[in-house]
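Contents: one structure, followed by commentary.
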Amino acid sequence: MSDGVFSINIVLQLRCKKIATQPTSISITVLLILIYLGCQPKLLMLKLISLSLLLLFSDSITISAQNKTPPNIILIIADDLGYGDLASYGNKNVHTPNIDSLGVQGVRFTQGYVTSPICAPSRMALITGRYQQRFGAEFMLYDKFEPSVKKKIKKHFFSLKKKPMGIKTLKPNFLLNRSVYVTDLPASEITIAKLLKQKGYATGYVGKWNLSSSPDVFPDMHGFDYSYYFDGALSRYVDDPVDTSRYINMHLPWAFSEIPAWAPRYGSTAIKEGRVVVKDTGYLTFSLAEKGIDFIERNKTNPFFLTLSFNAPHDPFQVPKKYYERIRNEKDLVRRVYSGMIEALDDAVGSVMKKLEQEGLIDNCLIFFISDNGGATYTHATDNTPLLGGKATHFDGGIAVPFLMQYPKGFQARQSYDHPVSSMDIFSTIAAASGTELANDRIYDGVNLLPYLTNDSLLPHQDFFWRNGYSKAFRRGDWKLYINEKNKITYLFNIAADREEKNDLSARQPDKLKELQEALKDWEKKNTVPPLWPSAADVLIEVNGKWYRFPS
């Protein structure tokens with residue numbers, strides 16, 4: 001027997017031992033044997049060499065085929081949930097075992113960043129995997145409220161009497177002609193849903209949308225087969241009339257969002273299913289979870305992608321009494337209501353996780369949990385401890401958020417990951433896990449996180465960029481630049497040594513300051529386009545006794 005024939009026989013024997021446990025390899029092996037038997041003598045050695053290589057590599061082909069069962073994917077988004085609002089991030093007054101379990105069974109990111117400290121721009125980057133400044137969406141959308149809401153804001157704003165604190169901190173642009181601007185996610189952008197439909201995924205969106213405000217734009221236009229949602233930045237949890245024997249309402253006259261938060265469900269705050277306005281009679285947090293569970297039930301035999309976008313714990317502060325009564329260690333009534341809302345959110349997430357377990361879907365389910373921006377300190381319900389500032393600021397309290405990820409089939413649980421990551425990484429990670437190719441006609445700013453979770457020596461990102469008009473920030477490595485052009489303020493922090501951003505080093509580190517300033521200008525020049533619409537209002541945010549302006 002020649003060396004070539006001996007080598008091919010050995011390979012065939014090894015392959016035959018595997019056929020019983022790898023049925024998908026049978027057709028490949030049979031085909032290769034037939035090719036071998038049909039060889040002419042002159043080409044025998046060449047065929048043998050090629051065949052040997054094919055047989056050896058068919059192992060990897062078989063393994064790849066076995067692992068090609070696409071994961072189900074769930075993206076859970078919380079609204080204004082602060083960095084320190086979960087038990088796993090240090091909150092000792094709440095119990096959030098269901099959300100926290102995602103980090104226990106997967107990973108908890110300790111430096112998870114979003115791209116904006118306000119809702120809509122942050123969500124646009126998350127759903128597209130690209131900085132929102134690349135397509136001109138760095139300000140809030142123009143929500144449409146019941147007409148009396150705008151009249152009420154004007155009445156308080158122009159009143160000669162003592163104004164509520166919330167109105168004092170709000171500077172709306174009443175002269176802005178909103179009708180000339182289209183405040184929507186551009187149709188040219190590719191959402192995660194559009195991406196996954198290429199792979200045959202069923203796609204669903206449940207909850208706060210906040211990606212378009214035009215009355216003729218709907219989630220199905222952005223790739224979602226099913227939707228149950230409201231368009232705007234907020235909506236009531238329980239619509240009027242409220243059964244006060246079951247629910248507690250907590251008003252916040254010091255918050256600039258107080259008046260729109262309690263607006264009747266109308267326009268941007270109305271609940272829709274598909275393209276039809278519907279009446280939701282439940283507590284919205286639980287209603288959204290139920291719709292998410294229904295979507296899973298309908299699509300459990302096919303790969304699905306569900307975005308479950310809760311509006312909790314954004315104001316208005318409404319909580320079922322039984323959740324308020326759970327919070328026994330909090331004397332401040334506002335914080336008690338807020339904490340009850342968070343525990344209700346945790347139970348809602350728990351009901352979705354239970355459904356996945358019951359259906360045997362959990363092991364091959366890629367799950368993300370993230371907040372769209374930092375906690376709203378202006379509500380007086382949260383402070384983002386240990387971080388500085390909160391929503392509507394570019395201090396870390398406004399842009400560093402709870403971020404957890406679980407994928408039993410994709411990586412081993414590792415508890416925590418301490419390198420900085422971005423919400424935009426969700427897009428690229430989903431693309432990699434589903435085997436979907438990214439479009440080559442645009443730049444994606446996220447990375448696939450899976451390789452980094454097994455190699456701590458690699459850094460997912462070196463630079464991070466933030467801009468909302470005149471408020472900006474830039475992080476390179478451990479150094480972070482903060483600029484507020486309205487307040488004429490420039491700060492430089494070393495995040496590794498000063499996570500709380502207490503020590504401005506701009507005077508002591510002029511070279512580092514210059515480096516980051518130039519890097520920020522260069523990034524703006526090369527990677528941004530002019531905003532498609534202007535800010536409709538400035539807000540004043542207090543941080544450690546100092547007031548900062550921010551364009552919303």
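Going through the structure tokens in order, the chains are called A, B, and so on, while each chain numbers its residues from 1 and the ligands are numbered from 1 in the order shown.
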
### Query
Can you list, as a ChimeraX atom specification, every protein, DNA or RNA residue that comes within 12 Å of Asn487 in chain A when you count only C-alpha atoms, leaving out same-chain residues fewer than 3 positions away?
/A:470-472,482-484,490-491,540-541,546-551

Pull all heavy atoms from the residues just selected and write them as a compact mmCIF listing (two decimals), in the first residue's frame.
# COMPACT_ATOMS: atom_id res chain seq x y z
N TYR A 470 -23.63 72.18 22.86
CA TYR A 470 -22.52 72.83 23.55
C TYR A 470 -21.96 72.04 24.74
O TYR A 470 -20.98 72.43 25.35
CB TYR A 470 -22.94 74.23 24.01
CG TYR A 470 -24.16 74.26 24.90
CD1 TYR A 470 -24.10 73.89 26.23
CD2 TYR A 470 -25.39 74.71 24.39
CE1 TYR A 470 -25.22 73.94 27.05
CE2 TYR A 470 -26.52 74.75 25.20
CZ TYR A 470 -26.43 74.38 26.52
OH TYR A 470 -27.55 74.42 27.33
N SER A 471 -22.60 70.92 25.07
CA SER A 471 -22.10 70.07 26.15
C SER A 471 -21.41 68.86 25.53
O SER A 471 -22.01 68.14 24.72
CB SER A 471 -23.25 69.61 27.06
OG SER A 471 -22.76 68.84 28.14
N LYS A 472 -20.15 68.62 25.92
CA LYS A 472 -19.34 67.61 25.25
C LYS A 472 -18.45 66.88 26.26
O LYS A 472 -18.15 67.39 27.33
CB LYS A 472 -18.44 68.25 24.18
CG LYS A 472 -19.16 69.15 23.21
CD LYS A 472 -18.19 69.87 22.29
CE LYS A 472 -18.92 70.84 21.37
NZ LYS A 472 -17.99 71.52 20.43
N TYR A 482 -14.20 67.08 29.92
CA TYR A 482 -15.58 67.57 29.95
C TYR A 482 -15.57 69.05 29.58
O TYR A 482 -14.79 69.84 30.12
CB TYR A 482 -16.19 67.40 31.35
CG TYR A 482 -17.52 68.12 31.54
CD1 TYR A 482 -18.71 67.51 31.18
CD2 TYR A 482 -17.58 69.42 32.05
CE1 TYR A 482 -19.93 68.17 31.33
CE2 TYR A 482 -18.79 70.08 32.20
CZ TYR A 482 -19.96 69.45 31.85
OH TYR A 482 -21.16 70.11 31.99
N ILE A 483 -16.44 69.42 28.63
CA ILE A 483 -16.54 70.81 28.18
C ILE A 483 -18.00 71.24 28.18
O ILE A 483 -18.87 70.54 27.66
CB ILE A 483 -15.97 70.98 26.75
CG1 ILE A 483 -14.47 70.67 26.72
CG2 ILE A 483 -16.23 72.38 26.22
CD1 ILE A 483 -13.87 70.69 25.32
N ASN A 484 -18.27 72.40 28.76
CA ASN A 484 -19.59 73.01 28.66
C ASN A 484 -19.39 74.43 28.17
O ASN A 484 -18.96 75.31 28.92
CB ASN A 484 -20.31 72.99 30.00
CG ASN A 484 -21.78 73.38 29.87
OD1 ASN A 484 -22.11 74.41 29.30
ND2 ASN A 484 -22.66 72.53 30.41
N THR A 490 -14.19 73.87 31.43
CA THR A 490 -13.42 72.75 30.90
C THR A 490 -12.80 72.01 32.07
O THR A 490 -12.10 72.61 32.88
CB THR A 490 -12.32 73.22 29.94
OG1 THR A 490 -12.91 73.91 28.83
CG2 THR A 490 -11.51 72.04 29.42
N TYR A 491 -13.05 70.71 32.15
CA TYR A 491 -12.48 69.88 33.21
C TYR A 491 -11.70 68.73 32.58
O TYR A 491 -12.01 68.26 31.48
CB TYR A 491 -13.57 69.27 34.09
CG TYR A 491 -14.41 70.25 34.89
CD1 TYR A 491 -15.78 70.03 35.05
CD2 TYR A 491 -13.85 71.38 35.49
CE1 TYR A 491 -16.57 70.90 35.79
CE2 TYR A 491 -14.63 72.25 36.23
CZ TYR A 491 -15.99 72.02 36.37
OH TYR A 491 -16.76 72.89 37.11
N LEU A 540 -31.61 73.31 33.31
CA LEU A 540 -30.59 73.57 34.32
C LEU A 540 -30.51 72.38 35.26
O LEU A 540 -31.53 71.93 35.79
CB LEU A 540 -30.92 74.84 35.12
CG LEU A 540 -30.73 76.17 34.39
CD1 LEU A 540 -31.32 77.31 35.23
CD2 LEU A 540 -29.26 76.44 34.12
N ILE A 541 -29.32 71.85 35.44
CA ILE A 541 -29.11 70.67 36.27
C ILE A 541 -28.12 71.02 37.38
O ILE A 541 -27.03 71.54 37.11
CB ILE A 541 -28.56 69.49 35.45
CG1 ILE A 541 -29.51 69.15 34.30
CG2 ILE A 541 -28.32 68.27 36.33
CD1 ILE A 541 -30.85 68.60 34.73
N LYS A 546 -23.65 73.26 42.11
CA LYS A 546 -23.39 74.14 40.97
C LYS A 546 -24.36 73.81 39.86
O LYS A 546 -24.68 72.64 39.62
CB LYS A 546 -21.94 73.96 40.49
CG LYS A 546 -21.55 74.96 39.41
CD LYS A 546 -20.04 74.91 39.17
CE LYS A 546 -19.63 75.97 38.16
NZ LYS A 546 -18.16 76.04 37.98
N TRP A 547 -24.84 74.84 39.16
CA TRP A 547 -25.83 74.64 38.11
C TRP A 547 -25.17 74.61 36.73
O TRP A 547 -24.34 75.45 36.41
CB TRP A 547 -26.88 75.74 38.15
CG TRP A 547 -27.76 75.65 39.36
CD1 TRP A 547 -27.55 76.23 40.57
CD2 TRP A 547 -28.97 74.91 39.47
NE1 TRP A 547 -28.56 75.91 41.44
CE2 TRP A 547 -29.46 75.09 40.79
CE3 TRP A 547 -29.71 74.12 38.59
CZ2 TRP A 547 -30.62 74.51 41.24
CZ3 TRP A 547 -30.89 73.53 39.05
CH2 TRP A 547 -31.33 73.73 40.35
N TYR A 548 -25.56 73.60 35.93
CA TYR A 548 -25.03 73.43 34.58
C TYR A 548 -26.18 73.47 33.59
O TYR A 548 -27.24 72.91 33.83
CB TYR A 548 -24.30 72.09 34.45
CG TYR A 548 -23.08 71.96 35.32
CD1 TYR A 548 -23.19 71.59 36.65
CD2 TYR A 548 -21.81 72.22 34.80
CE1 TYR A 548 -22.07 71.48 37.46
CE2 TYR A 548 -20.67 72.11 35.60
CZ TYR A 548 -20.81 71.73 36.93
OH TYR A 548 -19.69 71.63 37.72
N ARG A 549 -25.95 74.12 32.45
CA ARG A 549 -26.96 74.15 31.40
C ARG A 549 -26.74 72.97 30.46
O ARG A 549 -25.62 72.51 30.23
CB ARG A 549 -26.88 75.47 30.63
CG ARG A 549 -27.26 76.68 31.48
CD ARG A 549 -27.24 77.96 30.68
NE ARG A 549 -28.30 77.98 29.65
CZ ARG A 549 -28.51 79.01 28.83
NH1 ARG A 549 -27.72 80.10 28.90
NH2 ARG A 549 -29.48 78.98 27.94
N PHE A 550 -27.84 72.49 29.92
CA PHE A 550 -27.75 71.34 29.01
C PHE A 550 -28.84 71.47 27.95
O PHE A 550 -30.00 71.76 28.27
CB PHE A 550 -27.93 70.03 29.78
CG PHE A 550 -27.76 68.81 28.92
CD1 PHE A 550 -26.49 68.29 28.67
CD2 PHE A 550 -28.85 68.19 28.33
CE1 PHE A 550 -26.32 67.18 27.86
CE2 PHE A 550 -28.69 67.08 27.52
CZ PHE A 550 -27.43 66.57 27.28
N PRO A 551 -28.49 71.26 26.66
CA PRO A 551 -29.50 71.35 25.60
C PRO A 551 -30.20 70.00 25.42
O PRO A 551 -29.55 68.99 25.13
CB PRO A 551 -28.66 71.70 24.36
CG PRO A 551 -27.33 71.04 24.63
CD PRO A 551 -27.14 71.03 26.13

### Query
Skipping near chain neighbours, those fewer than 2 positions away, what residues fall within 8 Å of range 129-131 of chain A using only C-alpha atoms, listed as an NGL selection string?
:A and (115 or 125-127 or 133-135 or 423-428 or 443-446)

### Task
Would you mind listing what lies within 7 Å of Gly106 in chain A as a list in words, with only C-alpha atoms counted and same-chain residues fewer than 4 positions away left out?
Leu102, Met405, Gln406, Tyr407, Gln412, Ala413, Arg414 and Gln415 of chain A

Go ahead and write the residues just picked, C-alpha atoms, as a compact mmCIF listing (two decimals), in the first residue's frame.
# COMPACT_ATOMS: atom_id res chain seq x y z
CA LEU A 102 -28.13 38.23 34.37
CA MET A 405 -25.31 40.43 29.48
CA GLN A 406 -26.05 36.71 29.56
CA TYR A 407 -25.42 34.07 26.89
CA GLN A 412 -18.98 31.32 30.69
CA ALA A 413 -20.32 33.40 33.56
CA ARG A 414 -17.63 35.73 34.82
CA GLN A 415 -19.46 38.06 37.23

### Query
Hey, can you check how far CA of Ala376 in chain A sits from CA of His394 in chain A?
12.6 Å

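These are the residues of range 196-279 of chain A assigned alpha helix (DSSP H) by DSSP from backbone coordinates: Leu196, Lys197, Glu258, Ile259, Pro260 and Ala261 of chain A.
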
Could you please take those selected residues and save all heavy atoms as a PDB file, in the first residue's frame?
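part04.pdb, written as the output of this step:
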ATOM      1  N   LEU A 196     -31.371  41.612  11.563  1.00  0.00           N
ATOM      2  CA  LEU A 196     -31.703  40.222  11.867  1.00  0.00           C
ATOM      3  C   LEU A 196     -32.761  39.641  10.936  1.00  0.00           C
ATOM      4  O   LEU A 196     -32.846  38.423  10.785  1.00  0.00           O
ATOM      5  CB  LEU A 196     -32.148  40.103  13.320  1.00  0.00           C
ATOM      6  CG  LEU A 196     -31.034  40.318  14.351  1.00  0.00           C
ATOM      7  CD1 LEU A 196     -31.598  40.303  15.762  1.00  0.00           C
ATOM      8  CD2 LEU A 196     -29.942  39.268  14.213  1.00  0.00           C
ATOM      9  N   LYS A 197     -33.545  40.478  10.324  1.00  0.00           N
ATOM     10  CA  LYS A 197     -34.533  39.960   9.374  1.00  0.00           C
ATOM     11  C   LYS A 197     -33.840  39.296   8.182  1.00  0.00           C
ATOM     12  O   LYS A 197     -34.421  38.417   7.535  1.00  0.00           O
ATOM     13  CB  LYS A 197     -35.471  41.077   8.921  1.00  0.00           C
ATOM     14  CG  LYS A 197     -36.516  41.444   9.972  1.00  0.00           C
ATOM     15  CD  LYS A 197     -37.469  42.517   9.487  1.00  0.00           C
ATOM     16  CE  LYS A 197     -38.455  41.968   8.492  1.00  0.00           C
ATOM     17  NZ  LYS A 197     -39.368  40.970   9.100  1.00  0.00           N
ATOM     18  N   GLU A 258     -42.162  67.557  35.245  1.00  0.00           N
ATOM     19  CA  GLU A 258     -43.373  67.278  36.010  1.00  0.00           C
ATOM     20  C   GLU A 258     -44.660  67.441  35.199  1.00  0.00           C
ATOM     21  O   GLU A 258     -45.539  66.574  35.226  1.00  0.00           O
ATOM     22  CB  GLU A 258     -43.432  68.188  37.253  1.00  0.00           C
ATOM     23  CG  GLU A 258     -44.750  68.227  37.987  1.00  0.00           C
ATOM     24  CD  GLU A 258     -45.099  66.935  38.727  1.00  0.00           C
ATOM     25  OE1 GLU A 258     -44.283  65.981  38.702  1.00  0.00           O
ATOM     26  OE2 GLU A 258     -46.181  66.864  39.320  1.00  0.00           O
ATOM     27  N   ILE A 259     -44.797  68.526  34.464  1.00  0.00           N
ATOM     28  CA  ILE A 259     -46.049  68.769  33.751  1.00  0.00           C
ATOM     29  C   ILE A 259     -46.262  67.762  32.613  1.00  0.00           C
ATOM     30  O   ILE A 259     -47.317  67.122  32.538  1.00  0.00           O
ATOM     31  CB  ILE A 259     -46.126  70.223  33.250  1.00  0.00           C
ATOM     32  CG1 ILE A 259     -46.159  71.180  34.449  1.00  0.00           C
ATOM     33  CG2 ILE A 259     -47.357  70.434  32.366  1.00  0.00           C
ATOM     34  CD1 ILE A 259     -46.112  72.655  34.073  1.00  0.00           C
ATOM     35  N   PRO A 260     -45.289  67.564  31.710  1.00  0.00           N
ATOM     36  CA  PRO A 260     -45.512  66.560  30.660  1.00  0.00           C
ATOM     37  C   PRO A 260     -45.616  65.136  31.200  1.00  0.00           C
ATOM     38  O   PRO A 260     -46.292  64.289  30.594  1.00  0.00           O
ATOM     39  CB  PRO A 260     -44.294  66.719  29.741  1.00  0.00           C
ATOM     40  CG  PRO A 260     -43.291  67.476  30.530  1.00  0.00           C
ATOM     41  CD  PRO A 260     -44.056  68.324  31.473  1.00  0.00           C
ATOM     42  N   ALA A 261     -44.972  64.866  32.344  1.00  0.00           N
ATOM     43  CA  ALA A 261     -45.007  63.503  32.891  1.00  0.00           C
ATOM     44  C   ALA A 261     -46.429  63.063  33.220  1.00  0.00           C
ATOM     45  O   ALA A 261     -46.762  61.878  33.092  1.00  0.00           O
ATOM     46  CB  ALA A 261     -44.134  63.419  34.143  1.00  0.00           C
TER      47      ALA A 261
END

### Task
For Thr191 in chain A, please output as a VMD selection string all residues within 7 Å (counting only C-alpha atoms; exclusion window: fewer than 3 positions along the same chain).
chain A and resid 127 to 128 194 to 195 222

Just N, CA, C and O atoms for this one: save the residues we selected as a PDB file, in the first residue's frame.
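Saved file out.pdb follows:
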ATOM      1  N   ILE A 127     -29.603  51.245  18.877  1.00  0.00           N
ATOM      2  CA  ILE A 127     -30.348  50.415  17.922  1.00  0.00           C
ATOM      3  C   ILE A 127     -29.657  50.331  16.561  1.00  0.00           C
ATOM      4  O   ILE A 127     -29.958  49.460  15.753  1.00  0.00           O
ATOM      5  N   THR A 128     -28.680  51.242  16.306  1.00  0.00           N
ATOM      6  CA  THR A 128     -27.980  51.254  15.017  1.00  0.00           C
ATOM      7  C   THR A 128     -26.519  50.841  15.118  1.00  0.00           C
ATOM      8  O   THR A 128     -25.885  50.587  14.081  1.00  0.00           O
ATOM      9  N   LYS A 194     -33.753  45.270  11.425  1.00  0.00           N
ATOM     10  CA  LYS A 194     -33.506  45.145   9.985  1.00  0.00           C
ATOM     11  C   LYS A 194     -32.358  44.174   9.721  1.00  0.00           C
ATOM     12  O   LYS A 194     -32.398  43.369   8.781  1.00  0.00           O
ATOM     13  N   LEU A 195     -31.329  44.265  10.530  1.00  0.00           N
ATOM     14  CA  LEU A 195     -30.175  43.382  10.392  1.00  0.00           C
ATOM     15  C   LEU A 195     -30.586  41.917  10.517  1.00  0.00           C
ATOM     16  O   LEU A 195     -30.231  41.073   9.690  1.00  0.00           O
ATOM     17  N   HIS A 222     -38.996  50.174  10.540  1.00  0.00           N
ATOM     18  CA  HIS A 222     -37.608  49.977  10.961  1.00  0.00           C
ATOM     19  C   HIS A 222     -37.309  48.510  11.270  1.00  0.00           C
ATOM     20  O   HIS A 222     -36.380  48.205  12.009  1.00  0.00           O
TER      21      HIS A 222
END

### Query
For Tyr323 in chain A, which of A:Ile248, A:Ala473, A:Ala270, A:Val447 is the closest residue, counting only C-alpha atoms?
A:Ile248

### Query
If you count only C-alpha atoms, which residues fall within 9 Å of Asn93 in chain A, apart from same-chain ones fewer than 3 positions away, as a list in words?
Ala87, Ile327, Arg328, Asn329, Glu330, Arg336 and Ser339 of chain A

### Counting only C-alpha atoms, the option among A:Gly103, A:Pro253, A:Gly292, A:Gly374 closest to Ser122 in chain A
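Ranking A:Gly103, A:Pro253, A:Gly292, A:Gly374 by distance to Ser122 in chain A, first place goes to A:Gly374.
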
### Task
Take CA of Gln509 in chain A and CA of Ser116 in chain A and report the distance between them in Å, one decimal.
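Distance between the two atoms: 26.4 Å.
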
### Query
For Tyr452 in chain A, which of A:Ala263, A:Leu284, A:Val421, A:Ala431 is the closest residue, counting only C-alpha atoms?
A:Val421

### Test item: residues at most 12 Å from Asn177 in chain A, only C-alpha atoms, excluding those fewer than 2 positions along its chain, as a list in words
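Near Asn177 in chain A, the qualifying residues are Tyr142, Asn173, Phe174, Leu175, Ser179, Val180, Tyr181, Val182, Trp533, Pro534, Ser535 and Ala536 of chain A.
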